[in-house]
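Notes follow the structure.
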Amino acid sequence: MLRTVLAGLRARPLRLLLSAVAIALGVAFVAGSFILSDAVGAGLRAAVAFETRGVDASIGTAGGRARLDDTLLARVRRVPGVAAAEGRGTVSAPLRDAAGRPRDAAAIALPADERLRPFDLATGRLPRDAGEIAMARDASADHAPGQPVTVFDQDGRPRSFTLVGTFSRPADAGIGAAQLVLLPEALRQLAPGTVYGEIVVRATPGTGRQQLAAALTRAVGGRGITVVTGPEAAAQLLRTTAPDSGPAGFFTAFAVLAMLVAAMVITNSFTILVMQRARELALLRCIGAGKRQVFAGVLGEAVVVGAVASAAGLFGGLGVAAALQALTGALGGHAAAVHVPLTARTVVASLAVGVLVTVVAAVLPARAATRVAPVEALRTPLEGTSAVVGWPRKAAAVALLVAGIGAAWCALRAETRDGAALAVVAMVALLGAVLAVGPLLAGPAVRTLGTLCAPVLGGPAKLAALNAARNPRRTAASAAALTVGLAVVSLVTTVAAGVEAGRGHGLERQLAADFTVTSVVATRPLPATLADTLARVPGVAAAAPRRSFSGDLGAHGTYQLTAVRGDAIGGLLRPVVLSGRLDRLGPGELAVSRELAEETGLAVGDTVRAGPRGRPVPLRVVAVYDGVRIPGADLGLGLVELGQRAAIALNGSDYDGSVLVGLAAGTGPDRARPALERALSGAPLARLSSTAEIEDQLSAPLRSTLDLLWALTALAVLIAFAGIANTLSLSVLERTRESALLRALGLTRRGLGAALTAESVFVALLGTVCGLLLGIGSAWLFMRVTSTAAEPVPFTLPWGRLGVLLGAAVLAAPLAALVPARRAARGPLTTGMTAQ
């Protein structure tokens with residue numbers, strides 16, 4: 001039987017080619033997801049290795065009780081066994097960009113010892129005097145060598161440096177690498193009194209790391225100072241810098257989608273192959289092959305095809321992972337480091353998944369092969385036999401439809417969190433119902449399309465409709481893969497459009513101010529008089545300060561609170577009020593967020609004794625609100641009047657501060673901006689942001705995610721069209737005699753090709769329309785369930801993107817039919833008429 005399987009594969013390689021392509025693409029996604037997950041860790045390890053290269057010992061602090069300063073550094077350098085020691089400390093050093101506005105940046109001192117530098121020189125040279133600066137290569141786009149670079153110190157004073165070179169390093173990977181390098185004396189001018197965060201040490205030749213660490217511990221250890229070896233410091237940095245597994249998980253979800261679509265293509269392909277080989281299988285039965293042998297033979301073909309295609313897909317996964325990392329970097333506006341680690345886990349898992357999916361997809365066709373009777377070997381093959389839809393499929397379709405509608409009904413009446421889970425159940429059930437009912441819809445749908453297209457395409461349209469409707473199960477199976485892929489992408493596209501529109505609506509509803517002013521240095525608050533200065537600018541109706549701080553709410557604990565001027569509530573800030581009133585906020589009043597109310601049980605009318613023990617301040621809860629986290633306008637977990645902040649703040653520290661600016665009626669943002677920027681000239685660390693800029697900042701990650709989603713879904717849709725092309729190719733082989741007879745009766749080669757092309761378009765339209773309707777309907781349900789008053793998710797159809805999906809499906813369908821149509825049209829009549 002093994003020889004029979006191998007002989008069959010050699011005799012019919014093209015019949016399984018596109019099935020193998022579908023498997024390879026699906027496995028490429030699976031392998032890519034594993035490789036991408038490993039690449040995240042590899043990137044972090046590369047960044048950590050670069051940060052700790054040359055480091056034999058690291059000195060740090062525990063609990064913040066000790067100071068790492070120049071005095072301690074000098075003591076370290078005198079310890080026997082120390083070849084070099086450098087202090088490392090990162091300070092905030094905002095840059096002035098090409099538009100003259102400050103942007104965030106950080107600086108470090110240039111280590112004197114070359115082996116302890118966590119970067120490599122890329123172009124030019126490194127600073128040699130206090131007036132020179134070097135920049136990271138990916139941060140120097142706005143500056144050319146030799147040009148001045150303006151950096152703001154901790155007091156907001158601009159300092160000019162000459163750019164003399166750029167340096168390179170691996171991607172930051174979350175370890176907080178600085179973008180600027182200065183000489184130590186220049187760094188001290190930017191941030192006087194700054195202490196080191198770490199002292200790194202290189203050992204002399206012949207001194208071991210453990211020996212050096214022990215000597216340093218004896219010399220400077222204790223009193224809150226810790227000493228570890230270089231590898232131990234790298235391990236600590238790895239533990240504290242958690243890799244972002246979001247992209248890998250996102251990619252894994254689409255790997256599952258790709259394998260699901262590939263499984264549909266494989267099942268359809270093997271089903272057609274079994275039908276076409278009915279006489280061959282019957283002949284095997286006649287010469288003594290048992291049902292188990294026939295079953296094993298079909299599965300053997302699946303194993304061989306799955307193994308070969310999975311091996312190809314594994315290496316394709318390397319390219320997919322590399323391309324996705326490059327794409328992610330391009331969407332983020334920078335060149336990303338590409339890592340493609342290939343581990344034994346990736347190899348074994350990818351091959352196992354590919355072969356397993358192929359075998360499982362071939363089980364039903366293999367079982368159908370065992371039911372071929374030996375007498376079939378004596379019959380004339382029937383072309384285009386109809387596949388009747390049985391009652392189990394109808395019952396499953398009804399059950400899934402009822403379950404989907406029931407889950408959707410419950411989701412609309414449940415709480416937001418439970419409703420979202422029920423909405424997912426409803427989506428899956430409705431998708432299953434659409435797939436199950438597909439054969440019942442395929443016949444009427446393609447006949448309707450044939451009737452509509454007949455006035456334009458003529459006879460080929462009618463012939464295409466008859467061919468597609470003759471076997472509705474095959475037509476529905478071909479369209480099903482496309483339905484799944486487009487249902488997912490239309491769902492996420494529509495939800496993303498709603499979330500983006502909702503963020504804009506929520507932002508406009510909560511933030512009535514036209515501008516926010518924030519500090520680019522978190523540790524340097526805005527000037528206390530800035531709000532009054534901005535209020536005097538012509539065209540400004542109101543300017544109010546806002547502070548975020550850790551507030552002591554007595555017995556309820558410490559929480560992030562926000563202090564605003566009382567009259568700013570209801571004017572510049574308008575939280576969504578769930579209970580109580582919040583048109584303004586006075587002394588002794590407290591408004592709590594929905595999250596804080598749920599956690600503490602606070603309600604309108606309750607009194608909180610806030611502030612340090614011994615002198616508590618009574619605050620009465622006047623409202624419960626819901627809010628959106630907006631940069632520069634974050635409401636925190638509670639709102640108090642600005643004058644109460646000093647009494648209840650923990651240690652008197654602020655997280656951040658901002659000034660909210662509202663314009664007078666008739667004054668547009670573009671008209672007021674120049675005057676506001678002139679007023680901010682005395683506060684160089686102040687950053688002016690309009691509401692539109694904040695909205696764009698909030699939406700940018702979502703748009704990047706959506707672009708990435710489209711790139712990933714394109715592969716799943718490609719697999720679906722490979723399935724359509726495979727079905728048409730096998731259908732051409734099945735209908736060889738029929739095609740030859742049509743040619744003999746007068747149908748031209750062009751007409752036969754047009755019929756097959758129209759059939760491909762009809763199948764693609766069926767799958768596309770079902771997928772779009774299902775995806776859009778599921779998106780509507782999900783948005784209705786997850787929408788809240790503070791963060792609404794309006795049902796917004798992205799007509800442009802949905803139109804692209806429909807147009808791409810219609811245009812790709814003729815391409816999928818190109819090879820099958822040419823094969824059918826080029827076949828000789830005599831050969832076709834005698835085909836068996």
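The chains in the structure tokens are called A, B, ... from first to last as shown; in each chain the residues are counted from 1, and the ligands are counted from 1 in the order shown.
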
Checklist entry - Skipping near chain neighbours, those fewer than 3 positions away, what residues fall within 9 Å of A:Val495 using only C-alpha atoms, listed as a ChimeraX atom specification? => result /A:490-492,498-500,776,779-780,782-783,793-797

Next on the checklist: Can you pull out the residues contacting A:Thr370? Cut-off 10 Å, using only C-alpha atoms, and skip same-chain residues under 4 positions away; I want them as a ChimeraX atom specification.
Outcome noted: /A:274,281-282,285,290-296,298,365-366

Item to check | DSSP helix (DSSP H, G or I) selection over stretch 266-476 of chain A, as a PyMOL selection string | outcome: chain A and resi 266-276+278-286+291-331+344-370+374-378+391-413+416-457+459-470+472-476

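As for atom CA of A:Val640 and atom CA of A:Leu590, they are spaced 5.2 Å apart.
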
Next on the checklist: Which residues are close to stretch 187-189 of chain A, i.e. within 8 Å by only C-alpha atoms, leaving aside same-chain residues fewer than 2 positions away? Reply as a VMD selection string.
Outcome noted: chain A and resid 107 to 109 153 182 to 185 191 to 194

Next on the checklist: Here is a test: counting only C-alpha atoms, which residue of A:Gly605, A:Pro631, A:Gly666, A:Gly485 is nearest to A:Ala764?
Outcome noted: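 Ranked by minimum distance to A:Ala764, first place goes to A:Gly485.
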
Item to check | Contacts of A:Gly313 at 10 Å (only C-alpha atoms; same-chain gap of 5+ positions) as a PyMOL selection string | outcome: chain A and resi 20-32+307-308+318-320+350-351+354

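For the pair atom CA of A:Val200 and atom CA of A:Ala122, the separation is 23.3 Å.
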
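Among A:Ala501, A:Ala186, A:Leu765, A:Ile35, the residue with the shortest atom-to-atom distance to A:Ala93, counting only C-alpha atoms, is A:Ala186.
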
Checklist entry - Quick one: of A:Thr217, A:Thr90, A:Asn268, A:Thr52, who's nearest to A:Arg202, counting only C-alpha atoms? => result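 So, comparing all the options, the nearest one is A:Thr52.
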
Checklist entry - Between A:Leu36, A:Ala497, A:Val517, A:Val540, which one has atoms that come closest to A:Thr346, using only C-alpha atoms? => result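 Closest to A:Thr346, using only C-alpha atoms: A:Leu36.
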
Item to check | Within 9 Å of A:Leu449 using only C-alpha atoms, minus same-chain residues under 2 positions, as a PyMOL selection string | outcome: chain A and resi 444-447+451-454+461-462+465+762

Residue subset to file, keeping all heavy atoms, as a PDB file, in the first residue's frame:
```
ATOM      1  N   PRO A 444     -28.784  28.721  -4.731  1.00  0.00           N
ATOM      2  CA  PRO A 444     -29.570  29.909  -5.090  1.00  0.00           C
ATOM      3  C   PRO A 444     -28.715  31.153  -5.305  1.00  0.00           C
ATOM      4  O   PRO A 444     -29.002  31.965  -6.183  1.00  0.00           O
ATOM      5  CB  PRO A 444     -30.495  30.083  -3.876  1.00  0.00           C
ATOM      6  CG  PRO A 444     -30.576  28.740  -3.249  1.00  0.00           C
ATOM      7  CD  PRO A 444     -29.253  28.107  -3.483  1.00  0.00           C
ATOM      8  N   ALA A 445     -27.648  31.295  -4.517  1.00  0.00           N
ATOM      9  CA  ALA A 445     -26.823  32.502  -4.630  1.00  0.00           C
ATOM     10  C   ALA A 445     -26.117  32.561  -5.975  1.00  0.00           C
ATOM     11  O   ALA A 445     -26.139  33.605  -6.651  1.00  0.00           O
ATOM     12  CB  ALA A 445     -25.808  32.545  -3.500  1.00  0.00           C
ATOM     13  N   VAL A 446     -25.474  31.471  -6.399  1.00  0.00           N
ATOM     14  CA  VAL A 446     -24.739  31.520  -7.664  1.00  0.00           C
ATOM     15  C   VAL A 446     -25.696  31.561  -8.851  1.00  0.00           C
ATOM     16  O   VAL A 446     -25.380  32.175  -9.890  1.00  0.00           O
ATOM     17  CB  VAL A 446     -23.777  30.315  -7.776  1.00  0.00           C
ATOM     18  CG1 VAL A 446     -22.691  30.400  -6.727  1.00  0.00           C
ATOM     19  CG2 VAL A 446     -24.501  29.001  -7.680  1.00  0.00           C
ATOM     20  N   ARG A 447     -26.873  30.938  -8.743  1.00  0.00           N
ATOM     21  CA  ARG A 447     -27.842  31.057  -9.836  1.00  0.00           C
ATOM     22  C   ARG A 447     -28.319  32.499  -9.983  1.00  0.00           C
ATOM     23  O   ARG A 447     -28.496  32.996 -11.106  1.00  0.00           O
ATOM     24  CB  ARG A 447     -29.025  30.123  -9.586  1.00  0.00           C
ATOM     25  CG  ARG A 447     -28.712  28.662  -9.900  1.00  0.00           C
ATOM     26  CD  ARG A 447     -29.974  27.828  -9.953  1.00  0.00           C
ATOM     27  NE  ARG A 447     -30.593  27.710  -8.639  1.00  0.00           N
ATOM     28  CZ  ARG A 447     -30.342  26.734  -7.775  1.00  0.00           C
ATOM     29  NH1 ARG A 447     -29.456  25.798  -8.099  1.00  0.00           N
ATOM     30  NH2 ARG A 447     -30.937  26.688  -6.603  1.00  0.00           N
ATOM     31  N   THR A 451     -27.794  34.884 -13.274  1.00  0.00           N
ATOM     32  CA  THR A 451     -28.880  35.603 -13.940  1.00  0.00           C
ATOM     33  C   THR A 451     -28.558  37.090 -14.070  1.00  0.00           C
ATOM     34  O   THR A 451     -28.809  37.716 -15.101  1.00  0.00           O
ATOM     35  CB  THR A 451     -30.189  35.416 -13.163  1.00  0.00           C
ATOM     36  OG1 THR A 451     -30.474  34.009 -13.060  1.00  0.00           O
ATOM     37  CG2 THR A 451     -31.335  36.111 -13.860  1.00  0.00           C
ATOM     38  N   LEU A 452     -27.982  37.673 -12.992  1.00  0.00           N
ATOM     39  CA  LEU A 452     -27.655  39.104 -13.022  1.00  0.00           C
ATOM     40  C   LEU A 452     -26.538  39.420 -14.005  1.00  0.00           C
ATOM     41  O   LEU A 452     -26.529  40.491 -14.627  1.00  0.00           O
ATOM     42  CB  LEU A 452     -27.253  39.568 -11.615  1.00  0.00           C
ATOM     43  CG  LEU A 452     -28.357  39.530 -10.544  1.00  0.00           C
ATOM     44  CD1 LEU A 452     -27.780  39.908  -9.182  1.00  0.00           C
ATOM     45  CD2 LEU A 452     -29.489  40.486 -10.917  1.00  0.00           C
ATOM     46  N   CYS A 453     -25.580  38.487 -14.146  1.00  0.00           N
ATOM     47  CA  CYS A 453     -24.434  38.739 -15.014  1.00  0.00           C
ATOM     48  C   CYS A 453     -24.649  38.285 -16.453  1.00  0.00           C
ATOM     49  O   CYS A 453     -23.834  38.619 -17.331  1.00  0.00           O
ATOM     50  CB  CYS A 453     -23.195  38.032 -14.472  1.00  0.00           C
ATOM     51  SG  CYS A 453     -22.659  38.649 -12.858  1.00  0.00           S
ATOM     52  N   ALA A 454     -25.711  37.531 -16.700  1.00  0.00           N
ATOM     53  CA  ALA A 454     -25.951  37.015 -18.044  1.00  0.00           C
ATOM     54  C   ALA A 454     -26.073  38.111 -19.103  1.00  0.00           C
ATOM     55  O   ALA A 454     -25.542  37.965 -20.212  1.00  0.00           O
ATOM     56  CB  ALA A 454     -27.196  36.131 -18.042  1.00  0.00           C
ATOM     57  N   ALA A 461     -21.670  33.110 -18.241  1.00  0.00           N
ATOM     58  CA  ALA A 461     -22.177  33.368 -16.894  1.00  0.00           C
ATOM     59  C   ALA A 461     -23.183  32.305 -16.492  1.00  0.00           C
ATOM     60  O   ALA A 461     -23.172  31.807 -15.362  1.00  0.00           O
ATOM     61  CB  ALA A 461     -22.808  34.755 -16.822  1.00  0.00           C
ATOM     62  N   LYS A 462     -24.073  31.948 -17.408  1.00  0.00           N
ATOM     63  CA  LYS A 462     -25.061  30.900 -17.093  1.00  0.00           C
ATOM     64  C   LYS A 462     -24.372  29.563 -16.864  1.00  0.00           C
ATOM     65  O   LYS A 462     -24.739  28.813 -15.946  1.00  0.00           O
ATOM     66  CB  LYS A 462     -26.063  30.791 -18.232  1.00  0.00           C
ATOM     67  CG  LYS A 462     -26.923  32.031 -18.431  1.00  0.00           C
ATOM     68  CD  LYS A 462     -27.906  31.833 -19.567  1.00  0.00           C
ATOM     69  CE  LYS A 462     -28.785  33.073 -19.769  1.00  0.00           C
ATOM     70  NZ  LYS A 462     -29.743  32.904 -20.879  1.00  0.00           N
ATOM     71  N   ALA A 465     -22.704  29.543 -13.472  1.00  0.00           N
ATOM     72  CA  ALA A 465     -23.674  29.379 -12.401  1.00  0.00           C
ATOM     73  C   ALA A 465     -24.137  27.933 -12.294  1.00  0.00           C
ATOM     74  O   ALA A 465     -24.289  27.392 -11.192  1.00  0.00           O
ATOM     75  CB  ALA A 465     -24.861  30.309 -12.621  1.00  0.00           C
ATOM     76  N   PHE A 762     -17.895  34.155  -8.904  1.00  0.00           N
ATOM     77  CA  PHE A 762     -19.124  33.870  -8.148  1.00  0.00           C
ATOM     78  C   PHE A 762     -18.789  33.280  -6.779  1.00  0.00           C
ATOM     79  O   PHE A 762     -19.384  33.668  -5.756  1.00  0.00           O
ATOM     80  CB  PHE A 762     -20.020  32.905  -8.935  1.00  0.00           C
ATOM     81  CG  PHE A 762     -20.597  33.493 -10.182  1.00  0.00           C
ATOM     82  CD1 PHE A 762     -21.157  32.676 -11.160  1.00  0.00           C
ATOM     83  CD2 PHE A 762     -20.576  34.860 -10.394  1.00  0.00           C
ATOM     84  CE1 PHE A 762     -21.698  33.212 -12.312  1.00  0.00           C
ATOM     85  CE2 PHE A 762     -21.117  35.410 -11.549  1.00  0.00           C
ATOM     86  CZ  PHE A 762     -21.674  34.578 -12.515  1.00  0.00           C
TER      87      PHE A 762
END
```

Item to check | atom CA of A:Ser310 to atom CA of A:Gly767, distance in Å rounded to a single decimal | outcome: 26.6 Å

Next on the checklist: Which residues are close to A:Val164, i.e. within 7 Å by only C-alpha atoms, leaving aside same-chain residues fewer than 5 positions away? Reply as a list in words.
Outcome noted: Gly124, Arg125, Leu126, Pro127, Glu132, Ile133, Ala134, Pro145 and Gly146 of chain A
